[in-house]
file entry_27.txt (compact mmCIF, C-alpha atoms)
# COMPACT_ATOMS: atom_id res chain seq x y z
CA MET T 4 0.11 -36.56 11.54
CA SER T 5 -0.60 -33.41 9.53
CA THR T 6 -4.08 -33.09 8.04
CA ALA T 7 -2.90 -30.46 5.56
CA TYR T 8 -3.70 -31.22 1.93
CA PRO T 9 -0.46 -31.79 -0.04
CA ILE T 10 0.21 -29.64 -3.13
CA HIS T 11 2.83 -30.87 -5.62
CA LEU T 12 4.50 -29.22 -8.59
CA SER T 13 5.28 -31.22 -11.72
CA SER T 14 6.93 -30.47 -15.05
CA ALA T 15 5.34 -33.54 -16.65
CA LYS T 16 2.52 -33.08 -19.10
CA PRO T 17 -0.80 -33.56 -17.28
CA ALA T 18 -2.82 -36.63 -18.22
CA VAL T 19 -5.89 -36.30 -16.06
CA ASN T 20 -9.22 -37.40 -17.49
CA GLY T 21 -12.15 -35.09 -17.01
CA TRP T 22 -10.11 -31.90 -16.51
CA LYS T 23 -9.50 -29.13 -19.01
CA ALA T 24 -5.91 -28.65 -20.13
CA SER T 25 -6.18 -24.98 -19.08
CA ALA T 26 -6.88 -25.84 -15.42
CA ALA T 27 -4.40 -24.31 -12.97
CA VAL T 28 -4.53 -27.22 -10.54
CA TYR T 29 -5.66 -30.85 -10.58
CA PRO T 30 -7.10 -31.86 -7.17
CA GLY T 31 -7.10 -35.54 -6.26
CA ASP T 32 -8.33 -37.52 -3.28
CA GLN T 33 -4.92 -37.51 -1.59
CA ALA T 34 -3.15 -34.47 -3.09
CA ALA T 35 -3.28 -31.82 -5.80
CA THR T 36 -0.82 -31.20 -8.61
CA ILE T 37 0.10 -27.98 -10.41
CA TYR T 38 1.73 -28.62 -13.78
CA LEU T 39 4.44 -26.13 -14.67
CA GLU T 40 4.99 -24.30 -17.95
CA ALA T 41 8.23 -23.33 -19.70
CA ASP T 42 7.73 -19.63 -18.84
CA GLU T 43 8.45 -18.94 -15.15
CA ALA T 44 6.42 -15.72 -15.10
CA GLU T 45 3.44 -17.71 -16.33
CA ASN T 46 4.20 -20.39 -13.74
CA LEU T 47 3.90 -17.84 -10.93
CA ARG T 48 0.52 -16.65 -12.22
CA LYS T 49 -0.65 -20.24 -12.64
CA ILE T 50 0.46 -21.12 -9.12
CA GLN T 51 -1.34 -18.09 -7.74
CA ARG T 52 -4.50 -19.04 -9.67
CA ALA T 53 -4.19 -22.56 -8.27
CA GLY T 54 -4.14 -21.17 -4.74
CA ARG T 55 -7.27 -19.17 -5.44
CA GLN T 56 -9.04 -22.22 -6.91
CA LEU T 57 -8.16 -24.42 -3.95
CA ASP T 58 -9.51 -21.83 -1.54
CA GLY T 59 -12.63 -21.64 -3.69
CA ILE T 60 -13.38 -25.34 -3.27
CA GLY T 61 -12.99 -25.14 0.49
CA ILE T 62 -9.47 -26.43 1.15
CA HIS T 63 -8.48 -24.61 4.34
CA SER T 64 -5.04 -26.13 5.09
CA VAL T 65 -2.31 -27.16 2.64
CA ALA T 66 1.25 -28.45 2.67
CA LEU T 67 3.53 -27.44 -0.20
CA SER T 68 5.41 -30.66 -0.97
CA GLY T 69 8.48 -31.49 -3.06
CA ASN T 70 11.75 -29.87 -4.10
CA ASP T 71 10.40 -27.56 -6.81
CA TRP T 72 8.87 -25.04 -4.42
CA ASP T 73 11.33 -22.14 -4.33
CA GLN T 74 10.55 -19.03 -2.30
CA GLU T 75 8.85 -17.06 -5.10
CA ARG T 76 6.65 -19.99 -6.08
CA GLN T 77 5.58 -20.51 -2.49
CA TRP T 78 4.75 -16.85 -2.08
CA ALA T 79 2.80 -16.82 -5.36
CA PHE T 80 0.71 -19.69 -4.04
CA ALA T 81 0.19 -17.90 -0.71
CA ARG T 82 -1.02 -14.74 -2.46
CA GLY T 83 -3.72 -16.68 -4.26
CA TYR T 84 -4.59 -18.98 -1.38
CA MET T 85 -5.14 -16.28 1.27
CA ASP T 86 -8.86 -15.92 1.81
CA THR T 87 -10.45 -12.58 2.64
CA LEU T 88 -10.24 -13.17 6.39
CA SER T 89 -6.78 -14.80 6.21
CA LYS T 90 -7.89 -18.01 7.95
CA ASN T 91 -6.27 -20.55 5.60
CA THR T 92 -2.99 -22.15 6.74
CA ILE T 93 0.11 -23.21 4.80
CA ASP T 94 2.93 -25.60 5.67
CA TRP T 95 5.94 -24.31 3.72
CA ALA T 96 8.18 -26.59 1.68
CA GLY T 97 11.91 -27.08 2.21
CA HIS T 98 14.35 -27.38 5.07
CA ASP T 99 16.07 -23.98 4.76
CA ALA T 100 15.23 -22.37 8.09
CA ALA T 101 16.12 -18.87 6.86
CA ALA T 102 13.85 -19.17 3.81
CA VAL T 103 10.98 -20.43 5.95
CA GLU T 104 11.51 -17.60 8.44
CA HIS T 105 11.44 -15.09 5.57
CA LEU T 106 8.15 -16.51 4.30
CA GLU T 107 6.68 -16.47 7.80
CA GLN T 108 7.66 -12.82 8.26
CA LEU T 109 6.20 -11.94 4.88
CA LEU T 110 2.97 -13.79 5.64
CA ASP T 111 2.66 -12.27 9.11
CA THR T 112 3.13 -8.73 7.82
CA THR T 113 0.86 -9.23 4.82
CA VAL T 114 -1.94 -10.71 6.92
CA TRP T 115 -1.62 -7.80 9.36
CA ALA T 116 -1.76 -5.17 6.59
CA ARG T 117 -4.67 -6.91 4.85
CA GLU T 118 -6.63 -7.05 8.10
CA LEU T 119 -6.15 -3.31 8.62
CA VAL T 120 -7.62 -2.59 5.21
CA ASN T 121 -10.40 -5.17 5.41
CA LEU T 122 -11.70 -4.19 8.85
CA PRO T 123 -14.88 -2.09 8.79
CA PRO T 124 -14.72 1.69 9.32
CA ASN T 125 -16.41 1.43 12.71
CA ALA T 126 -13.32 -0.54 13.81
CA ILE T 127 -10.63 1.40 11.93
CA TYR T 128 -10.69 5.17 12.34
CA PRO T 129 -7.75 7.56 12.77
CA GLU T 130 -7.01 6.78 16.42
CA SER T 131 -7.48 3.02 16.18
CA LEU T 132 -5.37 2.90 13.00
CA ALA T 133 -2.58 4.76 14.78
CA GLU T 134 -2.85 2.48 17.81
CA ARG T 135 -2.60 -0.69 15.71
CA VAL T 136 0.38 0.63 13.76
CA ILE T 137 2.18 1.66 16.96
CA GLU T 138 1.51 -1.76 18.47
CA LYS T 139 2.83 -3.62 15.41
CA LEU T 140 5.94 -1.53 14.86
CA THR T 141 6.80 -1.51 18.57
CA ALA T 142 6.53 -5.31 18.57
CA VAL T 143 9.04 -5.67 15.71
CA GLY T 144 11.22 -2.62 16.47
CA GLN T 145 11.06 -2.72 20.28
CA ASN T 146 13.10 0.03 21.96
CA LYS T 147 14.30 1.34 18.58
CA ILE T 148 10.83 2.83 17.96
CA GLN T 149 9.54 6.20 19.12
CA CYS T 150 6.05 7.40 18.26
CA ARG T 151 4.21 10.70 18.35
CA VAL T 152 0.56 11.48 17.62
CA ILE T 153 -0.56 15.01 16.68
CA LYS T 154 -4.35 15.08 16.95
CA GLY T 155 -7.29 17.40 16.42
CA ASP T 156 -6.62 21.12 16.83
CA GLU T 157 -2.97 20.37 17.68
CA LEU T 158 -2.57 19.85 13.94
CA LEU T 159 -3.39 23.52 13.32
CA LYS T 160 -0.93 24.65 15.98
CA GLU T 161 1.84 22.80 14.16
CA GLY T 162 0.77 23.87 10.68
CA TRP T 163 -0.71 20.63 9.34
CA THR T 164 -3.77 22.26 7.81
CA GLY T 165 -4.51 19.68 5.12
CA ILE T 166 -5.17 16.80 7.52
CA HIS T 167 -7.19 19.00 9.85
CA THR T 168 -9.30 20.44 7.03
CA VAL T 169 -10.23 17.05 5.60
CA GLY T 170 -10.99 15.43 8.95
CA ARG T 171 -12.61 18.19 10.99
CA ALA T 172 -16.21 17.16 10.16
CA SER T 173 -15.88 13.78 11.88
CA ILE T 174 -16.37 13.10 15.58
CA LYS T 175 -13.25 10.93 15.22
CA PRO T 176 -10.44 13.53 15.28
CA PRO T 177 -7.90 13.58 12.45
CA LEU T 178 -4.28 13.00 13.30
CA MET T 179 -0.73 12.71 12.07
CA LEU T 180 1.21 9.70 13.35
CA ILE T 181 5.01 9.95 13.30
CA VAL T 182 7.02 6.79 13.92
CA ASP T 183 10.80 7.10 14.21
CA TYR T 184 12.75 3.86 13.79
CA ASN T 185 16.33 4.51 14.81
CA PRO T 186 18.45 1.36 15.20
CA THR T 187 21.72 3.34 15.39
CA GLY T 188 21.34 4.36 19.03
CA GLN T 189 22.43 7.89 18.06
CA ALA T 190 19.91 10.67 18.61
CA ASP T 191 21.47 12.78 15.84
CA ALA T 192 21.64 9.98 13.27
CA PRO T 193 20.42 11.19 9.86
CA THR T 194 17.06 9.94 8.62
CA GLN T 195 17.71 7.96 5.45
CA ALA T 196 14.12 7.59 4.29
CA VAL T 197 10.62 8.77 5.14
CA LEU T 198 7.47 6.83 4.31
CA VAL T 199 4.23 8.81 3.94
CA GLY T 200 0.86 7.05 3.92
CA LYS T 201 -2.64 8.20 3.09
CA GLY T 202 -4.80 7.14 6.03
CA ILE T 203 -8.33 8.13 5.04
CA THR T 204 -10.16 5.55 7.13
CA PHE T 205 -13.47 6.30 5.42
CA ASP T 206 -14.16 8.49 2.41
CA SER T 207 -17.70 9.69 1.77
CA GLY T 208 -16.40 12.14 -0.81
CA GLY T 209 -17.45 15.04 1.37
CA TYR T 210 -19.81 17.50 -0.34
CA SER T 211 -18.61 16.03 -3.65
CA ILE T 212 -20.40 12.96 -2.34
CA LYS T 213 -19.83 9.51 -3.77
CA SER T 214 -22.63 7.25 -4.92
CA SER T 215 -23.67 4.47 -2.55
CA GLU T 216 -21.99 1.81 -4.68
CA GLY T 217 -18.87 3.97 -4.93
CA MET T 218 -18.77 4.49 -1.17
CA VAL T 219 -19.28 0.92 0.01
CA SER T 220 -15.59 -0.05 -0.26
CA MET T 221 -14.17 3.26 0.94
CA LYS T 222 -12.87 1.67 4.13
CA CYS T 223 -9.94 0.78 1.85
CA ASP T 224 -8.90 4.42 1.45
CA MET T 225 -6.31 3.95 4.21
CA ALA T 226 -4.53 1.20 2.25
CA GLY T 227 -1.60 3.55 1.60
CA ALA T 228 -1.03 3.85 5.35
CA ALA T 229 -1.26 0.07 5.76
CA THR T 230 1.14 -0.48 2.85
CA VAL T 231 3.94 1.77 4.07
CA ALA T 232 3.52 0.63 7.69
CA GLY T 233 3.69 -2.97 6.52
CA ALA T 234 6.75 -2.21 4.39
CA LEU T 235 8.54 -0.72 7.40
CA ALA T 236 7.58 -3.68 9.61
CA LEU T 237 8.87 -6.15 7.02
CA ALA T 238 12.10 -4.20 6.50
CA ILE T 239 12.73 -4.16 10.26
CA GLN T 240 12.11 -7.91 10.49
CA GLN T 241 14.59 -8.46 7.67
CA GLY T 242 17.40 -6.44 9.19
CA LEU T 243 16.89 -2.75 8.36
CA ASN T 244 19.79 -0.91 10.04
CA GLU T 245 19.17 2.67 8.90
CA ARG T 246 17.02 5.35 10.52
CA VAL T 247 13.63 5.56 8.81
CA GLN T 248 10.56 7.59 9.73
CA LEU T 249 6.93 6.83 8.97
CA VAL T 250 4.26 9.54 8.67
CA LEU T 251 0.60 8.58 8.45
CA CYS T 252 -1.93 11.26 7.52
CA CYS T 253 -5.19 10.04 9.02
CA ALA T 254 -8.74 11.38 8.77
CA GLU T 255 -12.35 10.50 7.99
CA ASN T 256 -13.72 12.54 5.06
CA LEU T 257 -17.31 13.16 6.18
CA ILE T 258 -20.05 15.79 5.97
CA ASP T 259 -21.51 18.04 8.65
CA GLY T 260 -21.75 21.74 9.34
CA HIS T 261 -17.99 21.90 9.96
CA ALA T 262 -16.99 20.14 6.75
CA TYR T 263 -14.80 21.87 4.24
CA LYS T 264 -16.59 23.17 1.16
CA LEU T 265 -16.01 23.65 -2.53
CA GLY T 266 -14.44 27.06 -3.00
CA ASP T 267 -12.61 27.03 0.34
CA ILE T 268 -8.93 27.95 0.24
CA ILE T 269 -6.36 26.21 2.42
CA THR T 270 -3.03 27.82 3.27
CA TYR T 271 -0.31 25.24 3.87
CA LYS T 272 2.70 25.41 6.12
CA ASN T 273 4.95 26.27 3.18
CA GLY T 274 2.69 29.21 2.29
CA MET T 275 1.07 27.59 -0.73
CA THR T 276 -2.65 28.27 -1.13
CA VAL T 277 -5.00 25.63 -2.52
CA GLU T 278 -8.56 26.15 -3.74
CA ILE T 279 -10.93 23.23 -3.13
CA VAL T 280 -12.80 22.34 -6.31
CA ASN T 281 -13.52 18.73 -5.32
CA THR T 282 -13.83 17.52 -1.73
CA ASP T 283 -13.42 13.95 -3.01
CA ALA T 284 -9.84 14.80 -4.00
CA GLU T 285 -8.91 14.74 -0.32
CA GLY T 286 -6.01 12.28 -0.29
CA ARG T 287 -3.62 14.71 -1.92
CA LEU T 288 -4.61 17.36 0.63
CA VAL T 289 -3.48 15.22 3.58
CA LEU T 290 -0.40 13.85 1.81
CA ALA T 291 0.77 17.42 1.21
CA ASP T 292 1.26 17.74 4.97
CA GLY T 293 3.13 14.44 5.14
CA LEU T 294 5.46 15.39 2.30
CA GLN T 295 6.27 18.70 3.97
CA TYR T 296 7.11 16.89 7.20
CA ALA T 297 9.30 14.49 5.23
CA GLY T 298 11.14 17.42 3.69
CA GLU T 299 11.90 18.83 7.13
CA THR T 300 13.85 15.67 8.02
CA GLY T 301 16.28 16.10 5.13
CA ALA T 302 15.92 12.43 4.17
CA PRO T 303 17.32 11.64 0.70
CA LEU T 304 14.52 9.15 -0.05
CA ILE T 305 10.81 9.92 0.36
CA ILE T 306 8.15 7.38 -0.59
CA ASP T 307 4.43 7.92 -0.37
CA ALA T 308 1.66 5.41 -1.03
CA ALA T 309 -2.01 6.15 -1.53
CA THR T 310 -5.20 4.89 -3.09
CA LEU T 311 -5.19 8.30 -4.73
CA THR T 312 -7.05 8.18 -8.05
CA GLY T 313 -9.48 6.03 -9.96
CA ALA T 314 -7.61 7.25 -13.03
CA ALA T 315 -4.58 5.16 -12.05
CA GLN T 316 -6.72 2.02 -11.94
CA VAL T 317 -8.21 2.88 -15.33
CA ALA T 318 -4.66 3.18 -16.67
CA VAL T 319 -3.03 0.08 -15.19
CA GLY T 320 -5.91 -2.19 -14.11
CA ASN T 321 -6.23 -3.87 -10.74
CA GLU T 322 -3.15 -6.12 -10.90
CA TYR T 323 -0.59 -3.29 -11.11
CA ASN T 324 0.32 -0.36 -8.94
CA ALA T 325 1.21 2.92 -10.63
CA LEU T 326 4.50 4.73 -10.01
CA PHE T 327 5.21 8.44 -10.46
CA SER T 328 8.52 10.23 -10.09
CA VAL T 329 10.64 12.94 -11.69
CA ASP T 330 13.75 11.17 -10.36
CA ASP T 331 14.67 8.59 -13.00
CA GLN T 332 17.31 6.89 -10.86
CA GLN T 333 14.93 6.27 -7.97
CA ALA T 334 12.10 5.28 -10.32
CA ASN T 335 14.32 2.72 -12.03
CA ARG T 336 15.32 1.29 -8.64
CA ALA T 337 11.67 0.92 -7.69
CA LEU T 338 10.84 -0.82 -10.97
CA ALA T 339 13.81 -3.16 -10.58
CA PHE T 340 12.80 -4.14 -7.04
CA ALA T 341 9.20 -4.63 -8.14
CA ASP T 342 10.44 -7.01 -10.82
CA GLU T 343 12.67 -8.80 -8.30
CA THR T 344 9.77 -9.32 -5.90
CA ASN T 345 7.22 -10.14 -8.61
CA GLU T 346 4.99 -7.18 -7.75
CA LEU T 347 3.54 -5.56 -10.86
CA LEU T 348 4.40 -1.86 -11.08
CA TRP T 349 4.10 0.52 -14.03
CA ARG T 350 5.51 4.02 -14.34
CA LEU T 351 3.09 6.70 -15.56
CA PRO T 352 3.97 10.21 -16.79
CA LEU T 353 5.06 12.97 -14.44
CA GLN T 354 6.87 16.17 -15.40
CA GLN T 355 7.49 19.43 -13.57
CA TRP T 356 4.76 21.11 -15.62
CA HIS T 357 2.18 18.75 -14.12
CA LYS T 358 2.40 20.95 -11.01
CA LYS T 359 0.42 23.58 -12.91
CA ASN T 360 -2.23 21.30 -14.39
CA CYS T 361 -4.87 22.20 -11.79
CA PRO T 362 -4.90 26.01 -12.04
CA SER T 363 -6.98 28.33 -9.88
CA PRO T 364 -7.67 32.06 -10.39
CA PHE T 365 -8.04 32.44 -6.62
CA ALA T 366 -5.11 30.44 -5.22
CA ASP T 367 -1.69 29.10 -6.17
CA THR T 368 -3.35 25.88 -7.35
CA ALA T 369 -6.57 23.93 -7.08
CA ASN T 370 -6.76 20.43 -5.67
CA SER T 371 -8.18 19.05 -8.93
CA ARG T 372 -9.97 20.13 -12.05
CA PRO T 373 -13.72 20.77 -11.75
CA GLN T 374 -14.51 17.79 -14.00
CA LYS T 375 -15.55 14.21 -13.36
CA GLY T 376 -12.50 12.25 -12.20
CA GLY T 377 -10.34 15.35 -12.53
CA GLY T 378 -10.46 15.20 -16.34
CA THR T 379 -7.94 13.57 -18.63
CA GLY T 380 -4.58 12.66 -17.11
CA GLY T 381 -6.13 12.66 -13.65
CA ALA T 382 -3.52 10.39 -12.05
CA SER T 383 -0.60 12.44 -13.38
CA ASN T 384 -2.28 15.69 -12.38
CA ALA T 385 -2.79 14.38 -8.84
CA ALA T 386 0.89 13.43 -8.72
CA GLY T 387 1.70 16.89 -10.06
CA PHE T 388 -0.24 18.44 -7.19
CA LEU T 389 1.89 16.44 -4.74
CA LEU T 390 5.04 17.52 -6.57
CA ASN T 391 4.30 21.06 -5.34
CA PHE T 392 5.00 19.77 -1.81
CA ALA T 393 7.78 17.27 -2.43
CA PRO T 394 11.17 18.63 -1.30
CA ARG T 395 14.02 19.35 -3.73
CA ASN T 396 11.57 19.63 -6.67
CA GLY T 397 10.95 15.89 -6.43
CA GLU T 398 14.53 14.64 -6.24
CA GLY T 399 14.51 11.39 -4.27
CA TRP T 400 10.68 11.19 -4.21
CA LEU T 401 8.56 8.22 -5.30
CA HIS T 402 4.76 8.29 -5.41
CA PHE T 403 2.89 4.96 -5.48
CA ASP T 404 -0.74 5.27 -6.57
CA ILE T 405 -1.72 1.81 -5.39
CA ALA T 406 -4.44 0.84 -7.83
CA GLY T 407 -4.01 -2.86 -7.07
CA ALA T 408 -4.31 -2.55 -3.29
CA TYR T 409 -7.96 -3.62 -2.99
CA HIS T 410 -10.47 -5.63 -4.99
CA ALA T 411 -14.15 -5.13 -4.25
CA SER T 412 -14.82 -8.70 -5.40
CA ALA T 413 -12.68 -11.79 -5.88
CA THR T 414 -10.67 -12.28 -9.06
CA GLY T 415 -8.95 -15.29 -10.53
CA LEU T 416 -5.81 -14.31 -8.61
CA ASN T 417 -6.94 -12.68 -5.37
CA ALA T 418 -9.67 -12.96 -2.78
CA ALA T 419 -12.02 -10.05 -2.27
CA GLY T 420 -10.51 -7.22 -0.26
CA ALA T 421 -6.94 -6.08 0.34
CA THR T 422 -4.00 -7.51 -1.62
CA ALA T 423 -1.04 -5.82 0.19
CA LEU T 424 0.54 -5.26 -3.23
CA GLY T 425 3.55 -2.95 -2.91
CA ILE T 426 4.77 -3.92 0.55
CA ARG T 427 7.68 -6.03 -0.74
CA THR T 428 8.83 -3.42 -3.27
CA ILE T 429 8.85 -0.58 -0.75
CA SER T 430 10.54 -2.76 1.85
CA ARG T 431 13.34 -3.55 -0.62
CA LEU T 432 13.77 0.14 -1.38
CA LEU T 433 14.28 0.81 2.32
CA ARG T 434 16.83 -1.96 2.78
CA SER T 435 18.88 -0.89 -0.24
CA GLN T 436 19.51 2.69 0.89

call {"tool": "encode", "arguments": {"input": "entry_27.txt", "output": "structure tokens"}}
result
Amino acid sequence: MSTAYPIHLSSAKPAVNGWKASAAVYPGDQAATIYLEADEAENLRKIQRAGRQLDGIGIHSVALSGNDWDQERQWAFARGYMDTLSKNTIDWAGHDAAAVEHLEQLLDTTVWARELVNLPPNAIYPESLAERVIEKLTAVGQNKIQCRVIKGDELLKEGWTGIHTVGRASIKPPLMLIVDYNPTGQADAPTQAVLVGKGITFDSGGYSIKSSEGMVSMKCDMAGAATVAGALALAIQQGLNERVQLVLCCAENLIDGHAYKLGDIITYKNGMTVEIVNTDAEGRLVLADGLQYAGETGAPLIIDAATLTGAAQVAVGNEYNALFSVDDQQANRALAFADETNELLWRLPLQQWHKKNCPSPFADTANSRPQKGGGTGGASNAAGFLLNFAPRNGEGWLHFDIAGAYHASATGLNAAGATALGIRTISRLLRSQ
């Protein structure tokens, strides 16, 4: 007999003495009940809050019971119920084997991505991140996966100066991981999409050093890499049949006598020169390499994800991710899929002139403005910097500044740590190409 604690949904008005009417869930000796509202969007938030509250009182195994648990409601509960270390267990409702398999795949991928982000920086560094991603994607993609790692000074030989510059001060060498998923069996099959992930496995800020309290959660600065890798894994599990490549730009941003300095100028593979005015604006420097690689493939869709700016979180809070694009058609697709998968996503401004919003008298551009947080419009200006490296002047390019990817402390909806927000949206974009 299962020892899982049953969770029921009910549309009846709650009549439970001793509980506030605003409570998300009413626990009893034998089971708990979540009372539904008329608004389904509010129901999903309430169900997620209920999951968080049940974890908070120490319920470690539940069974979702009854006929009212559709797939989105079950996943909303799972999002709230997942503890930081992903040890809680759920028995899904329903007898639809395909729906249960979908939820299991989603849970498996989400738990994997969250663990990557939550692990400490002594466990996750460029090489170990690449190894874990290769292991995961090979497991789901099998012989359809080919991987290549470009590491250390090999990056300079191939022209990937941004990754090398940011990571050269660490004893853990920087690297670019390229994963090629090709289910067609044809070596010359066109690449339909490229995913680019920021994989800064620890960010001290470099010589523009962060405060201690600002640095303590900077193991999460590789959440972009975990998000796009998770999105590809989920898409493969759910039947992706197009060729897609993944590019992770991995480094530790540390300080020693070899570290890059303010005032340095980097020359990129495309000939663009960049003056460093803030070594803590390093994510855009490594993504520039990834975007150039993506352009070389000729793929019509390029998606990058990064914990790029604090400005994005100021703009949209910690429950949304921010979206930037100059391609309205692709941006609208992303917003539609985010709505379909109940992942909060908000589009922020980006125009071609944002490319020039970080001027330098000494180089083609600077990597930021020499002001705290990059000054006003910092998230758009960071996206504008990336637009300099996106192929086709940004046609077919989507930039996710994943403000909601990590919470330093628990909220009413999520446990402390990684959320994996964005994986479902990006996975849907891949499968709709």

call {"tool": "atom_distance", "arguments": {"input": "entry_27.txt", "atom1": "atom CA of Ser25 of chain T", "atom2": "atom CA of Ala79 of chain T"}}
result
18.3 Å

call {"tool": "residues_around", "arguments": {"input": "entry_27.txt", "residues": "Ala406 of chain T", "least_positions_apart": "5", "cutoff": "8 Å", "atoms": "all atoms listed in the file", "output": "PyMOL selection string"}}
result
chain T and resi 310+312-313+315-316+319-325

call {"tool": "closest_atom_pairs", "arguments": {"input": "entry_27.txt", "of": "segment 144-200 of chain T", "to": "segment 237-250 of chain T", "cutoff": "9 Å", "atoms": "only C-alpha atoms", "output": "JSON lines"}}
result
{"residue": "T:Gly144", "atom": "CA", "partner": "T:Ile239", "partner_atom": "CA", "distance": 6.6}
{"residue": "T:Met179", "atom": "CA", "partner": "T:Val250", "partner_atom": "CA", "distance": 6.8}
{"residue": "T:Leu180", "atom": "CA", "partner": "T:Val250", "partner_atom": "CA", "distance": 5.6}
{"residue": "T:Ile181", "atom": "CA", "partner": "T:Val250", "partner_atom": "CA", "distance": 4.7}
{"residue": "T:Val182", "atom": "CA", "partner": "T:Leu249", "partner_atom": "CA", "distance": 5.0}
{"residue": "T:Asp183", "atom": "CA", "partner": "T:Gln248", "partner_atom": "CA", "distance": 4.5}
{"residue": "T:Tyr184", "atom": "CA", "partner": "T:Val247", "partner_atom": "CA", "distance": 5.3}
{"residue": "T:Asn185", "atom": "CA", "partner": "T:Arg246", "partner_atom": "CA", "distance": 4.4}
{"residue": "T:Pro186", "atom": "CA", "partner": "T:Asn244", "partner_atom": "CA", "distance": 5.8}
{"residue": "T:Thr187", "atom": "CA", "partner": "T:Glu245", "partner_atom": "CA", "distance": 7.0}
{"residue": "T:Ala192", "atom": "CA", "partner": "T:Arg246", "partner_atom": "CA", "distance": 7.1}
{"residue": "T:Pro193", "atom": "CA", "partner": "T:Arg246", "partner_atom": "CA", "distance": 6.8}
{"residue": "T:Thr194", "atom": "CA", "partner": "T:Arg246", "partner_atom": "CA", "distance": 5.0}
{"residue": "T:Gln195", "atom": "CA", "partner": "T:Arg246", "partner_atom": "CA", "distance": 5.7}
{"residue": "T:Ala196", "atom": "CA", "partner": "T:Val247", "partner_atom": "CA", "distance": 5.0}
{"residue": "T:Val197", "atom": "CA", "partner": "T:Gln248", "partner_atom": "CA", "distance": 4.7}
{"residue": "T:Leu198", "atom": "CA", "partner": "T:Leu249", "partner_atom": "CA", "distance": 4.7}
{"residue": "T:Val199", "atom": "CA", "partner": "T:Val250", "partner_atom": "CA", "distance": 4.8}
{"residue": "T:Gly200", "atom": "CA", "partner": "T:Val250", "partner_atom": "CA", "distance": 6.4}

call {"tool": "axis_aligned_box", "arguments": {"input": "entry_27.txt", "around": "segment 39-49 of chain T", "padding_each_side": "4 Å", "output": "JSON"}}
result
{"center_x": 3.9, "center_y": -20.9, "center_z": -15.3, "size_x": 17.1, "size_y": 18.4, "size_z": 16.8}

call {"tool": "closest_residue", "arguments": {"input": "entry_27.txt", "among": "T:Ile269, T:Ala334, T:Val317, T:Val231", "to": "Gly381 of chain T", "atoms": "all atoms listed in the file"}}
result
T:Val317

call {"tool": "closest_residue", "arguments": {"input": "entry_27.txt", "among": "T:Ala172, T:Ala100, T:Pro303, T:Thr204", "to": "Ala126 of chain T", "atoms": "only C-alpha atoms"}}
result
T:Thr204

call {"tool": "residues_near_point", "arguments": {"input": "entry_27.txt", "point": "(15.4, 12.5, -0.3)", "cutoff": "10 Å", "atoms": "only C-alpha atoms", "output": "JSON, numbers by chain"}}
result
{"T": [194, 195, 196, 197, 297, 298, 300, 301, 302, 303, 304, 305, 306, 333, 393, 394, 395, 397, 398, 399, 400, 401]}

call {"tool": "atom_distance", "arguments": {"input": "entry_27.txt", "atom1": "atom CA of Trp163 of chain T", "atom2": "atom CA of Ala291 of chain T"}}
result
8.9 Å

call {"tool": "residues_around", "arguments": {"input": "entry_27.txt", "residues": "Ala229 of chain T", "least_positions_apart": "6", "cutoff": "10 Å", "atoms": "only C-alpha atoms", "output": "list in words"}}
result
Thr113, Trp115, Ala116, Arg117, Glu118, Leu119, Val120, Leu132, Val136, Gly200, Lys201, Gly202, Cys223, Leu235, Leu251, Ala308, Ala309, Ala408, Ala421, Ala423 and Ile426 of chain T

call {"tool": "atom_distance", "arguments": {"input": "entry_27.txt", "atom1": "atom CA of Arg48 of chain T", "atom2": "atom CA of Gln33 of chain T"}}
result
24.0 Å

call {"tool": "residues_around", "arguments": {"input": "entry_27.txt", "residues": "Phe365 of chain T", "least_positions_apart": "6", "cutoff": "9 Å", "atoms": "only C-alpha atoms", "output": "list in words"}}
result
Ile268, Thr276, Val277 and Glu278 of chain T

call {"tool": "write_last_selection", "arguments": {"input": "entry_27.txt", "atoms": "C-alpha atoms", "output": "mmCIF file, in the frame of the given file"}}
result
data_model
loop_
_atom_site.group_PDB
_atom_site.id
_atom_site.type_symbol
_atom_site.label_atom_id
_atom_site.label_comp_id
_atom_site.auth_asym_id
_atom_site.auth_seq_id
_atom_site.Cartn_x
_atom_site.Cartn_y
_atom_site.Cartn_z
ATOM 1 C CA ILE T 268 -8.930 27.950 0.240
ATOM 2 C CA THR T 276 -2.650 28.270 -1.130
ATOM 3 C CA VAL T 277 -5.000 25.630 -2.520
ATOM 4 C CA GLU T 278 -8.560 26.150 -3.740
#

call {"tool": "closest_residue", "arguments": {"input": "entry_27.txt", "among": "T:Val143, T:Leu106, T:Ala382, T:Ala35", "to": "Arg427 of chain T", "atoms": "only C-alpha atoms"}}
result
T:Leu106

call {"tool": "closest_residue", "arguments": {"input": "entry_27.txt", "among": "T:His98, T:Val329, T:Glu43, T:Lys213", "to": "Gln354 of chain T", "atoms": "all atoms listed in the file"}}
result
T:Val329

call {"tool": "closest_residue", "arguments": {"input": "entry_27.txt", "among": "T:Gln77, T:Ser207, T:Gln374, T:Asn70", "to": "Ile50 of chain T", "atoms": "only C-alpha atoms"}}
result
T:Gln77

call {"tool": "closest_residue", "arguments": {"input": "entry_27.txt", "among": "T:Cys252, T:Val169, T:Leu159, T:Ala236", "to": "Lys264 of chain T", "atoms": "only C-alpha atoms"}}
result
T:Val169

call {"tool": "residues_near_point", "arguments": {"input": "entry_27.txt", "point": "(10.5, -20.6, -1.3)", "cutoff": "8 Å", "atoms": "all atoms listed in the file", "output": "list in words"}}
result
Trp72, Asp73, Gln74, Glu75, Arg76, Gln77, Trp78, Trp95, Ala96, Gly97, Ala102, Val103 and Leu106 of chain T
